[in-house]
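Chemist: Here you go, this is upload_15.cif (mmCIF, C-alpha atoms).
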data_input
#
loop_
_atom_site.group_PDB
_atom_site.id
_atom_site.type_symbol
_atom_site.label_atom_id
_atom_site.label_comp_id
_atom_site.auth_asym_id
_atom_site.auth_seq_id
_atom_site.Cartn_x
_atom_site.Cartn_y
_atom_site.Cartn_z
ATOM 1 C CA MET G 1 18.787 2.410 -6.153
ATOM 2 C CA PRO G 2 21.704 2.390 -8.641
ATOM 3 C CA PRO G 3 25.316 2.450 -7.480
ATOM 4 C CA GLN G 4 26.585 5.930 -6.760
ATOM 5 C CA SER G 5 30.127 7.172 -7.286
ATOM 6 C CA THR G 6 31.946 9.834 -5.341
ATOM 7 C CA ARG G 7 34.643 12.166 -6.606
ATOM 8 C CA PRO G 8 38.251 10.947 -6.190
ATOM 9 C CA THR G 9 40.050 12.382 -3.191
ATOM 10 C CA HIS G 10 43.073 13.418 -5.291
ATOM 11 C CA PRO G 11 43.804 13.908 -8.999
ATOM 12 C CA GLY G 12 44.268 10.678 -10.933
ATOM 13 C CA ALA G 13 42.572 8.513 -8.335
ATOM 14 C CA ALA G 14 39.777 6.184 -9.475
ATOM 15 C CA PRO G 15 36.285 7.151 -8.297
ATOM 16 C CA ILE G 16 34.979 5.300 -5.267
ATOM 17 C CA VAL G 17 31.773 3.366 -6.022
ATOM 18 C CA GLU G 18 29.294 2.871 -3.201
ATOM 19 C CA LEU G 19 27.053 -0.113 -3.829
ATOM 20 C CA SER G 20 23.536 -0.364 -2.491
ATOM 21 C CA GLY G 21 20.829 -3.002 -2.357
ATOM 22 C CA ILE G 22 21.809 -6.579 -3.145
ATOM 23 C CA SER G 23 24.863 -5.327 -5.082
ATOM 24 C CA ALA G 24 26.527 -4.558 -1.750
ATOM 25 C CA SER G 25 26.521 -8.299 -0.967
ATOM 26 C CA PHE G 26 28.901 -9.106 -3.829
ATOM 27 C CA THR G 27 32.548 -8.386 -4.515
ATOM 28 C CA PRO G 28 33.503 -6.516 -7.731
ATOM 29 C CA LEU G 29 34.675 -9.806 -9.253
ATOM 30 C CA GLU G 30 31.360 -11.481 -8.387
ATOM 31 C CA LEU G 31 29.429 -8.580 -9.899
ATOM 32 C CA GLU G 32 31.451 -9.016 -13.093
ATOM 33 C CA GLY G 33 30.442 -12.672 -13.043
ATOM 34 C CA LEU G 34 26.780 -11.791 -12.575
ATOM 35 C CA VAL G 35 26.838 -9.389 -15.526
ATOM 36 C CA ARG G 36 28.379 -12.067 -17.738
ATOM 37 C CA THR G 37 25.895 -14.639 -16.417
ATOM 38 C CA ALA G 38 22.944 -12.420 -17.308
ATOM 39 C CA ALA G 39 24.274 -11.777 -20.813
ATOM 40 C CA GLU G 40 24.918 -15.456 -21.475
ATOM 41 C CA ALA G 41 21.546 -16.507 -20.026
ATOM 42 C CA VAL G 42 19.657 -14.070 -22.255
ATOM 43 C CA PHE G 43 21.661 -14.226 -25.469
ATOM 44 C CA GLY G 44 23.529 -17.515 -25.203
ATOM 45 C CA ASP G 45 22.765 -21.063 -24.116
ATOM 46 C CA PRO G 46 21.836 -21.333 -20.399
ATOM 47 C CA ASP G 47 23.192 -24.895 -20.434
ATOM 48 C CA ASP G 48 26.672 -23.472 -20.966
ATOM 49 C CA LEU G 49 26.680 -21.613 -17.642
ATOM 50 C CA SER G 50 29.301 -22.829 -15.187
ATOM 51 C CA THR G 51 28.633 -24.127 -11.691
ATOM 52 C CA ARG G 52 30.087 -20.895 -10.297
ATOM 53 C CA GLN G 53 27.694 -18.829 -12.410
ATOM 54 C CA HIS G 54 24.752 -20.888 -11.163
ATOM 55 C CA GLU G 55 25.905 -20.321 -7.569
ATOM 56 C CA LEU G 56 26.149 -16.549 -8.099
ATOM 57 C CA ALA G 57 22.707 -16.416 -9.729
ATOM 58 C CA ALA G 58 21.205 -18.489 -6.890
ATOM 59 C CA ARG G 59 22.662 -16.121 -4.300
ATOM 60 C CA ALA G 60 21.308 -13.099 -6.158
ATOM 61 C CA ARG G 61 17.882 -14.740 -6.456
ATOM 62 C CA ALA G 62 17.784 -15.515 -2.736
ATOM 63 C CA LEU G 63 18.753 -11.943 -1.872
ATOM 64 C CA MET G 64 16.056 -10.589 -4.210
ATOM 65 C CA ALA G 65 13.434 -12.822 -2.565
ATOM 66 C CA GLU G 66 14.538 -11.673 0.890
ATOM 67 C CA GLU G 67 14.399 -8.023 -0.203
ATOM 68 C CA ALA G 68 10.906 -8.492 -1.682
ATOM 69 C CA GLU G 69 9.711 -10.136 1.535
ATOM 70 C CA GLU G 70 11.070 -7.274 3.636
ATOM 71 C CA THR G 71 9.353 -4.749 1.345
ATOM 72 C CA ALA G 72 6.071 -6.647 1.596
ATOM 73 C CA ASP G 73 6.360 -6.758 5.392
ATOM 74 C CA ALA G 74 7.011 -3.013 5.472
ATOM 75 C CA ASP G 75 3.962 -2.422 3.281
ATOM 76 C CA GLU G 76 1.788 -4.544 5.549
ATOM 77 C CA GLN G 77 2.982 -2.586 8.582
ATOM 78 C CA SER G 78 2.187 0.747 6.948
ATOM 79 C CA PRO G 79 -1.018 2.342 8.318
ATOM 80 C CA THR G 80 -1.980 3.300 4.743
ATOM 81 C CA ALA G 81 -0.991 0.059 2.973
ATOM 82 C CA GLY G 82 -4.562 -0.766 1.962
ATOM 83 C CA TYR G 83 -5.195 2.742 0.672
ATOM 84 C CA SER G 84 -1.971 2.695 -1.355
ATOM 85 C CA ARG G 85 -2.890 -0.633 -2.933
ATOM 86 C CA MET G 86 -6.365 0.687 -3.720
ATOM 87 C CA LEU G 87 -4.920 3.724 -5.518
ATOM 88 C CA ALA G 88 -2.551 1.501 -7.484
ATOM 89 C CA LEU G 89 -5.442 -0.751 -8.526
ATOM 90 C CA GLN G 90 -7.539 2.251 -9.535
ATOM 91 C CA GLU G 91 -4.734 3.525 -11.763
ATOM 92 C CA TRP G 92 -4.282 0.065 -13.279
ATOM 93 C CA LEU G 93 -8.036 -0.159 -13.945
ATOM 94 C CA ARG G 94 -8.059 3.305 -15.560
ATOM 95 C CA VAL G 95 -5.283 2.368 -17.973
ATOM 96 C CA GLU G 96 -6.890 -0.972 -18.845
ATOM 97 C CA ALA G 97 -10.330 0.618 -19.299
ATOM 98 C CA GLU G 98 -8.929 3.192 -21.735
ATOM 99 C CA ALA G 99 -7.275 0.400 -23.720
ATOM 100 C CA ALA G 100 -10.544 -1.558 -23.763
ATOM 101 C CA ALA G 101 -12.454 1.540 -24.912
ATOM 102 C CA GLU G 102 -10.080 1.947 -27.866
ATOM 103 C CA GLU G 103 -10.504 -1.741 -28.735
ATOM 104 C CA PHE G 104 -14.274 -1.293 -28.657
ATOM 105 C CA THR G 105 -14.007 1.784 -30.883
ATOM 106 C CA THR G 106 -11.968 -0.251 -33.360
ATOM 107 C CA LEU G 107 -14.663 -2.923 -33.306
ATOM 108 C CA LEU G 108 -17.354 -0.325 -34.079
ATOM 109 C CA ARG G 109 -15.277 1.024 -36.972
ATOM 110 C CA VAL G 110 -15.242 -2.464 -38.512
ATOM 111 C CA LEU G 111 -18.987 -2.879 -38.054
ATOM 112 C CA LEU G 112 -19.901 0.633 -39.185
ATOM 113 C CA PRO G 113 -17.340 1.839 -41.745
ATOM 114 C CA ARG G 114 -19.554 4.715 -42.953
ATOM 115 C CA ALA G 115 -20.205 6.147 -39.481
ATOM 116 C CA ALA G 116 -18.346 8.984 -37.783
ATOM 117 C CA TYR G 117 -20.152 8.720 -34.428
ATOM 118 C CA VAL G 118 -22.166 6.201 -32.479
ATOM 119 C CA VAL G 119 -24.892 7.999 -30.532
ATOM 120 C CA LEU G 120 -25.790 6.629 -27.104
ATOM 121 C CA GLN G 121 -29.177 6.807 -25.448
ATOM 122 C CA VAL G 122 -29.379 7.541 -21.724
ATOM 123 C CA ARG G 123 -31.567 5.087 -19.838
ATOM 124 C CA GLY G 124 -33.567 5.951 -16.762
ATOM 125 C CA ASN G 125 -30.885 4.534 -14.452
ATOM 126 C CA ASP G 126 -28.215 6.739 -16.078
ATOM 127 C CA THR G 127 -26.678 3.840 -17.998
ATOM 128 C CA PHE G 128 -26.188 3.994 -21.750
ATOM 129 C CA MET G 129 -27.290 1.920 -24.704
ATOM 130 C CA LEU G 130 -26.431 2.268 -28.382
ATOM 131 C CA ASP G 131 -29.033 4.264 -30.288
ATOM 132 C CA ARG G 132 -27.785 5.014 -33.813
ATOM 133 C CA ALA G 133 -24.672 5.507 -35.931
ATOM 134 C CA VAL G 134 -24.367 8.757 -37.862
ATOM 135 C CA THR G 135 -22.065 10.501 -40.319
ATOM 136 C CA ALA G 136 -20.177 13.676 -39.449
ATOM 137 C CA HIS G 137 -23.190 15.616 -40.809
ATOM 138 C CA GLY G 138 -25.797 13.717 -38.786
ATOM 139 C CA THR G 139 -27.108 11.317 -41.404
ATOM 140 C CA THR G 140 -28.119 8.030 -39.774
ATOM 141 C CA VAL G 141 -26.351 5.052 -41.337
ATOM 142 C CA HIS G 142 -27.486 2.449 -38.822
ATOM 143 C CA ASP G 143 -30.249 2.142 -36.221
ATOM 144 C CA PHE G 144 -29.311 -0.254 -33.451
ATOM 145 C CA ASP G 145 -32.853 -1.658 -33.432
ATOM 146 C CA ASP G 146 -31.779 -3.324 -36.691
ATOM 147 C CA PRO G 147 -29.327 -6.274 -36.919
ATOM 148 C CA LEU G 148 -25.670 -5.496 -37.394
ATOM 149 C CA PRO G 149 -23.530 -6.981 -40.149
ATOM 150 C CA ALA G 150 -21.671 -10.126 -39.173
ATOM 151 C CA LEU G 151 -18.223 -9.715 -37.673
ATOM 152 C CA PRO G 152 -15.233 -11.365 -39.346
ATOM 153 C CA GLU G 153 -14.744 -14.736 -37.672
ATOM 154 C CA ASP G 154 -11.313 -13.909 -36.227
ATOM 155 C CA LEU G 155 -12.581 -10.670 -34.671
ATOM 156 C CA ALA G 156 -15.673 -12.350 -33.255
ATOM 157 C CA ARG G 157 -13.590 -15.051 -31.619
ATOM 158 C CA ALA G 158 -11.162 -12.431 -30.292
ATOM 159 C CA TRP G 159 -14.140 -10.944 -28.444
ATOM 160 C CA GLY G 160 -15.040 -14.391 -27.134
ATOM 161 C CA LYS G 161 -18.125 -14.908 -29.280
ATOM 162 C CA ASP G 162 -19.315 -17.526 -31.725
ATOM 163 C CA PRO G 163 -19.441 -15.746 -35.117
ATOM 164 C CA ARG G 164 -23.032 -16.959 -35.560
ATOM 165 C CA PHE G 165 -24.239 -14.733 -32.729
ATOM 166 C CA GLU G 166 -24.192 -10.957 -32.288
ATOM 167 C CA LEU G 167 -22.118 -9.303 -29.607
ATOM 168 C CA ASN G 168 -24.085 -7.602 -26.841
ATOM 169 C CA LEU G 169 -22.701 -4.124 -27.526
ATOM 170 C CA ASP G 170 -24.894 -2.483 -24.890
ATOM 171 C CA HIS G 171 -23.362 -4.780 -22.276
ATOM 172 C CA ILE G 172 -19.841 -3.750 -23.326
ATOM 173 C CA VAL G 173 -20.791 -0.061 -23.131
ATOM 174 C CA GLY G 174 -22.141 -0.680 -19.629
ATOM 175 C CA GLU G 175 -18.934 -2.386 -18.541
ATOM 176 C CA LEU G 176 -16.834 0.492 -19.890
ATOM 177 C CA GLN G 177 -19.043 3.000 -18.098
ATOM 178 C CA ALA G 178 -18.740 1.030 -14.848
ATOM 179 C CA ALA G 179 -14.942 1.074 -15.240
ATOM 180 C CA GLY G 180 -14.970 4.880 -15.358
ATOM 181 C CA ILE G 181 -14.959 5.559 -19.100
ATOM 182 C CA THR G 182 -16.763 8.788 -20.019
ATOM 183 C CA PHE G 183 -18.294 9.506 -23.400
ATOM 184 C CA GLY G 184 -17.989 12.730 -25.344
ATOM 185 C CA ASP G 185 -20.831 15.048 -26.318
ATOM 186 C CA LEU G 186 -22.105 14.636 -29.887
ATOM 187 C CA PRO G 187 -21.117 17.749 -31.898
ATOM 188 C CA GLU G 188 -23.976 19.952 -33.068
ATOM 189 C CA THR G 189 -22.968 19.373 -36.701
ATOM 190 C CA ALA G 190 -23.671 15.648 -36.246
ATOM 191 C CA ARG G 191 -27.060 16.110 -34.573
ATOM 192 C CA ASP G 192 -30.453 15.674 -36.126
ATOM 193 C CA LEU G 193 -32.010 18.869 -34.836
ATOM 194 C CA ASP G 194 -35.477 17.580 -35.694
ATOM 195 C CA VAL G 195 -34.939 14.988 -32.973
ATOM 196 C CA ASP G 196 -31.987 16.074 -30.824
ATOM 197 C CA ASN G 197 -31.839 19.007 -28.445
ATOM 198 C CA ARG G 198 -29.182 21.445 -29.667
ATOM 199 C CA HIS G 199 -27.763 22.109 -26.176
ATOM 200 C CA GLU G 200 -28.428 18.877 -24.280
ATOM 201 C CA TYR G 201 -25.612 16.446 -23.468
ATOM 202 C CA LEU G 202 -25.829 13.651 -25.977
ATOM 203 C CA PRO G 203 -23.221 10.968 -25.250
ATOM 204 C CA SER G 204 -21.435 9.502 -28.240
ATOM 205 C CA ILE G 205 -18.398 7.532 -29.358
ATOM 206 C CA ASP G 206 -16.164 9.296 -31.861
ATOM 207 C CA LEU G 207 -15.119 6.732 -34.452
ATOM 208 C CA ALA G 208 -12.821 9.172 -36.239
ATOM 209 C CA ALA G 209 -10.704 9.943 -33.184
ATOM 210 C CA VAL G 210 -7.279 8.323 -33.051
ATOM 211 C CA ALA G 211 -5.821 7.554 -29.624
#
I need this file expressed as structure tokens, please.
Modeler:
Amino acid sequence: MPPQSTRPTHPGAAPIVELSGISASFTPLELEGLVRTAAEAVFGDPDDLSTRQHELAARARALMAEEAEETADADEQSPTAGYSRMLALQEWLRVEAEAAAEEFTTLLRVLLPRAAYVVLQVRGNDTFMLDRAVTAHGTTVHDFDDPLPALPEDLARAWGKDPRFELNLDHIVGELQAAGITFGDLPETARDLDVDNRHEYLPSIDLAAVA
């Protein structure tokens, strides 16, 4: 919690500052020293800090560690600590999964520069696999039964693969699905109505969408 000031009791008086947290353990002069220590440590040469500055920083560090330990103990004592941690992890996973999905979309754009959508096929166990890549008007530009073009070496290695071998794109789709990523419905304008049901959910990845 940041320091809070109260109104002066009479005109011309300086406002009274009430310190909270570890700030309350230091005098105003020591707080001034800590501010200068932080600035010099970040923007100057840490070797130039005085013994007094090191002492102040060590005190602040010890107080921060004590505060963190007390917070952790309070969390452990909470009857909903596990549930709270679970919710926090779920939110973290959601954010990371969305970032990974955008990275995967970027990868598909590199592999399939002429495609507007990648159409997914629903397996019997409700998992997805890549079926075909199509233009915005439904023309197939790649069938995933056929080999894909080679990835640039730097991109392949970024995905943890030897450039001589293809990525298992179906496996990545499965991991994204397991992490909670949902896939949009292929627009009717991009469907091959000789093959696709006009009204049925047809999962797809929109390569034109920008996050």
Chemist: Decode the PyMOL selection byres ((chain G and resi 131) around 10) for the given file into explicit residues and return them as JSON, numbers by chain.
Modeler: {"G": [118, 119, 120, 121, 122, 128, 129, 130, 132, 133, 134, 142, 143, 144, 145, 170, 204]}
Chemist: Name the residues captured by the PyMOL selection byres ((chain G and resi 101-108) around 12) when it is applied to the shown file; answer as a compact mmCIF listing (two decimals) with C-alpha atoms, in the coordinates of the input.
Modeler:
# COMPACT_ATOMS: atom_id res chain seq x y z
CA LEU G 93 -8.04 -0.16 -13.94
CA ARG G 94 -8.06 3.30 -15.56
CA VAL G 95 -5.28 2.37 -17.97
CA GLU G 96 -6.89 -0.97 -18.84
CA ALA G 97 -10.33 0.62 -19.30
CA GLU G 98 -8.93 3.19 -21.74
CA ALA G 99 -7.28 0.40 -23.72
CA ALA G 100 -10.54 -1.56 -23.76
CA ARG G 109 -15.28 1.02 -36.97
CA VAL G 110 -15.24 -2.46 -38.51
CA LEU G 111 -18.99 -2.88 -38.05
CA LEU G 112 -19.90 0.63 -39.18
CA PRO G 113 -17.34 1.84 -41.74
CA ARG G 114 -19.55 4.72 -42.95
CA ALA G 115 -20.20 6.15 -39.48
CA ALA G 116 -18.35 8.98 -37.78
CA TYR G 117 -20.15 8.72 -34.43
CA VAL G 118 -22.17 6.20 -32.48
CA VAL G 119 -24.89 8.00 -30.53
CA LEU G 130 -26.43 2.27 -28.38
CA ARG G 132 -27.78 5.01 -33.81
CA ALA G 133 -24.67 5.51 -35.93
CA HIS G 142 -27.49 2.45 -38.82
CA PHE G 144 -29.31 -0.25 -33.45
CA LEU G 148 -25.67 -5.50 -37.39
CA PRO G 149 -23.53 -6.98 -40.15
CA ALA G 150 -21.67 -10.13 -39.17
CA LEU G 151 -18.22 -9.72 -37.67
CA PRO G 152 -15.23 -11.36 -39.35
CA ASP G 154 -11.31 -13.91 -36.23
CA LEU G 155 -12.58 -10.67 -34.67
CA ALA G 156 -15.67 -12.35 -33.26
CA ALA G 158 -11.16 -12.43 -30.29
CA TRP G 159 -14.14 -10.94 -28.44
CA LEU G 167 -22.12 -9.30 -29.61
CA ASN G 168 -24.08 -7.60 -26.84
CA LEU G 169 -22.70 -4.12 -27.53
CA ASP G 170 -24.89 -2.48 -24.89
CA HIS G 171 -23.36 -4.78 -22.28
CA ILE G 172 -19.84 -3.75 -23.33
CA VAL G 173 -20.79 -0.06 -23.13
CA GLY G 174 -22.14 -0.68 -19.63
CA GLU G 175 -18.93 -2.39 -18.54
CA LEU G 176 -16.83 0.49 -19.89
CA GLN G 177 -19.04 3.00 -18.10
CA ALA G 178 -18.74 1.03 -14.85
CA ALA G 179 -14.94 1.07 -15.24
CA GLY G 180 -14.97 4.88 -15.36
CA ILE G 181 -14.96 5.56 -19.10
CA THR G 182 -16.76 8.79 -20.02
CA PHE G 183 -18.29 9.51 -23.40
CA SER G 204 -21.44 9.50 -28.24
CA ILE G 205 -18.40 7.53 -29.36
CA ASP G 206 -16.16 9.30 -31.86
CA LEU G 207 -15.12 6.73 -34.45
CA ALA G 208 -12.82 9.17 -36.24
CA ALA G 209 -10.70 9.94 -33.18
CA VAL G 210 -7.28 8.32 -33.05
CA ALA G 211 -5.82 7.55 -29.62
Chemist: Measuring atom to atom with all atoms listed in the file, identify which of G:Ala88, G:Gln53, G:Phe165, G:Arg59 is nearest to Glu32 in chain G.
Modeler: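 Smallest distance to Glu32 in chain G is found for G:Gln53.
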Chemist: Using all atoms listed in the file, find the one residue out of G:Gly160, G:Leu63, G:Leu202, G:Arg85 that sits nearest to Ala24 in chain G.
Modeler: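 When distances to Ala24 in chain G are compared using all atoms listed in the file, the smallest one comes from G:Leu63.
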Chemist: Which is closer to Ala65 in chain G than all the others in G:Leu49, G:Leu186, G:Ile22, G:Ala39, using only C-alpha atoms?
Modeler: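 Closest candidate: G:Ile22.
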Chemist: Just how far from CA of His137 in chain G is CA of Arg191 in chain G, in Å to one decimal?
Modeler: 7.4 Å
